[in-house]
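Colleague: Structure incoming, see below.
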Amino acid sequence: MVDSTRSVDDSAESGLVAAGADSLAAFDEDHKTILQRIQHFLHGNPAMVPVIILIISVIAFRLVAGERFFTAFNLSLIIQQVTIIGFLACAQTLIILTAGIDLSIAAIMVLASVVAGKAAVMLGVPSVLAIPMGFVVGTLCGMVNGFLVTRLRLPPFIVTLGTWNIFFALVIWYSGSQSIRSQDIDKIAPSLKFFGERVSLGGAVFTYGSFLMILVFLILWYVLNNTAWGRHVYAVGDDRDAAELSGINTNRLLLSVYGVAGFIAGVAAWVSIGRVGSVSPQSFYDANLDSITAVVIGGTSLFGGRGSILGALFGALIVGVFSSGLKIAGVDVIWQRFAIGCLIILAVGIDQWLRRVSA
């Protein structure tokens, strides 16, 4: 009888504690300022930050640059211009989500394009084999980075800073500093330029490469949000030691992330040939920095574990909108770079402000 009474008392006490906790939570929620509510909302929905910035940017440049900016043709041209950066930002996001960084991603892309282009045009390899050779080169380069980061426990920044120079040195050596002309590609391996072909839709002009970029983003969005691999990527970036204790093989996961990023760079290599119209060892030399810019502006935390793959797409579009809008408004290119630099600082500041929610 005593035990039954105690059970009833314990149950009642637990109910009171739970009710008190709910009341306290409701009290805290009711007494949050509007700014705090916005902060919590954006912390839980990081992709909304670049969406808001993108909408404000489009409206602002519509007012500043006039009707020439807000046309279907110009807006579609912005998408064309950011296609390559979008691909690299997609790959960069995967790595930054794990609290890493890849300074060599553009060099990997250029090396893959040179290998595929030279094999198809100069060595007589059929395009159906030469193009996958670029994918393989990109994947192997990414896995080299992953191996150095995981097995040798070297910082990603230092590793990829070194491989950036190594891969570009290989580009210059293998290509002999010679570009492959557009005419030669058209005559021998026209399929290398497939993703540069344009299609018109109601006054807007898109390339097949732009459609592929959006498709890659959507696929990775699904993978990161609906698969165990995606959840592990976020877990490792948030706390690698805790992820290991929970049973995640962090070394294997990181190796796969760098490999996938390299593969995406290999795909971007094929798209870049169509975008430029030739194979140039000097093209996109600083695209790695532009990809990091898109990721940061897109709301992905440089500390890892928080962000959205779609944010990188919006980040790339924001950079494109700023560049196009300022150019149409007649602003000097120096001040265009100045504006992008201010955007980066603003994005990092917003990230730090949002991180205080979980602190």
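Identifiers in the structure tokens: chain A, B, ... in order shown; residue index from 1 per chain; ligand index from 1 in order shown.
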Tell me which protein, DNA and RNA residues are within 8 Å of segment 218-230 of chain A, counting only C-alpha atoms, leaving out same-chain ones fewer than 6 positions away, and put them as a list in words.
Modeller: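 Near segment 218-230 of chain A, the qualifying residues are Leu253, Ser308, Ile309 and Leu310 of chain A.
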Colleague: Hey, can you spit out that residue selection with N, CA, C and O atoms as a tab-separated table (two decimals), in the first residue's frame?
Modeller:
```tsv
chain	number	residue	atom	x	y	z
A	253	LEU	N	34.48	8.53	-43.67
A	253	LEU	CA	33.51	9.52	-44.11
A	253	LEU	C	34.21	10.71	-44.76
A	253	LEU	O	33.81	11.17	-45.84
A	308	SER	N	23.33	24.84	-45.34
A	308	SER	CA	22.52	24.15	-46.33
A	308	SER	C	23.22	24.19	-47.67
A	308	SER	O	23.82	25.20	-48.04
A	309	ILE	N	23.15	23.07	-48.40
A	309	ILE	CA	23.76	23.01	-49.72
A	309	ILE	C	23.09	24.01	-50.66
A	309	ILE	O	23.75	24.59	-51.53
A	310	LEU	N	21.79	24.23	-50.49
A	310	LEU	CA	21.10	25.20	-51.33
A	310	LEU	C	21.55	26.62	-51.03
A	310	LEU	O	21.46	27.50	-51.90
```
Colleague: When you look at Ile96 of chain A with a cut-off of 12 Å (counting only C-alpha atoms), what residues show up, excluding the ones that are within fewer than 2 positions of it in the same chain? I need them as a VMD selection string.
Modeller: chain A and resid 89 to 94 98 to 103 156 to 157 233 to 234 236 to 238 254 257 to 258 261 291 to 296 298 to 309 312
Colleague: Give me the residues near segment 128-132 of chain A as a list in words, where near means some atom within 10 Å (using only C-alpha atoms) and where sequence neighbours in that chain fewer than 2 positions away do not count.
Modeller: Ala112, Ser113, Val115, Ala116, Gly117, Lys118, Ala119, Ala120, Val121, Leu123, Gly124, Val125, Pro126, Gly134, Phe135, Val136, Val137, Gly138, Ala189, Ser191, Leu192, Gly266, Val267, Ala269 and Trp270 of chain A
Colleague: Compile the contact shell of Ile180 of chain A as number ranges by chain: residues with an atom at most 9 Å away, counting only C-alpha atoms, same-chain residues fewer than 3 positions apart removed.
Modeller: A: 114, 117-118, 121-122, 175, 183-185, 278-280
Colleague: From segment 102-319 of chain A, collect each residue whose DSSP state is strand (DSSP E) and return the set as a PyMOL selection string.
Modeller: chain A and resi 198-201+204-207
Colleague: Grab the residues selected above and save them as a JSON list (two decimals), in the first residue's frame with N, CA, C and O atoms.
Modeller:
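out-v3.json written:
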```json
[["chain", "number", "residue", "atom", "x", "y", "z"],
["A", 198, "ARG", "N", 23.18, 26.40, -75.77],
["A", 198, "ARG", "CA", 22.15, 27.25, -75.17],
["A", 198, "ARG", "C", 20.75, 26.87, -75.63],
["A", 198, "ARG", "O", 20.56, 26.38, -76.74],
["A", 199, "VAL", "N", 19.79, 27.15, -74.75],
["A", 199, "VAL", "CA", 18.39, 26.93, -75.07],
["A", 199, "VAL", "C", 17.60, 28.14, -74.59],
["A", 199, "VAL", "O", 17.85, 28.68, -73.49],
["A", 200, "SER", "N", 16.68, 28.64, -75.42],
["A", 200, "SER", "CA", 15.89, 29.83, -75.09],
["A", 200, "SER", "C", 14.53, 29.43, -74.53],
["A", 200, "SER", "O", 13.86, 28.55, -75.07],
["A", 201, "LEU", "N", 14.16, 30.11, -73.44],
["A", 201, "LEU", "CA", 12.87, 29.87, -72.80],
["A", 201, "LEU", "C", 12.23, 31.20, -72.46],
["A", 201, "LEU", "O", 12.59, 31.85, -71.47],
["A", 204, "ALA", "N", 14.51, 34.18, -71.90],
["A", 204, "ALA", "CA", 15.68, 33.80, -71.09],
["A", 204, "ALA", "C", 16.52, 32.78, -71.87],
["A", 204, "ALA", "O", 15.98, 31.98, -72.62],
["A", 205, "VAL", "N", 17.82, 32.85, -71.67],
["A", 205, "VAL", "CA", 18.73, 31.94, -72.35],
["A", 205, "VAL", "C", 19.54, 31.18, -71.31],
["A", 205, "VAL", "O", 20.24, 31.78, -70.49],
["A", 206, "PHE", "N", 19.42, 29.85, -71.33],
["A", 206, "PHE", "CA", 20.13, 29.00, -70.39],
["A", 206, "PHE", "C", 21.06, 28.07, -71.15],
["A", 206, "PHE", "O", 20.89, 27.83, -72.35],
["A", 207, "THR", "N", 22.03, 27.54, -70.43],
["A", 207, "THR", "CA", 22.88, 26.49, -70.99],
["A", 207, "THR", "C", 22.53, 25.17, -70.32],
["A", 207, "THR", "O", 21.99, 25.15, -69.21]]
```
Colleague: Run DSSP on the backbone of this structure and report the residues of segment 63-221 of chain A it assigns to alpha helix (DSSP H), as number ranges by chain.
Modeller: A: 63-65, 72-81, 83-97, 105-121, 127-150, 156-175, 182-188, 208-221
Colleague: Between A:Met133, A:Ile350, A:Ala65, A:Ile84, which residue has the minimum interatomic distance to Ser210 of chain A, considering only C-alpha atoms?
Modeller: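 For Ser210 of chain A, the nearest of the given residues is A:Ile84.
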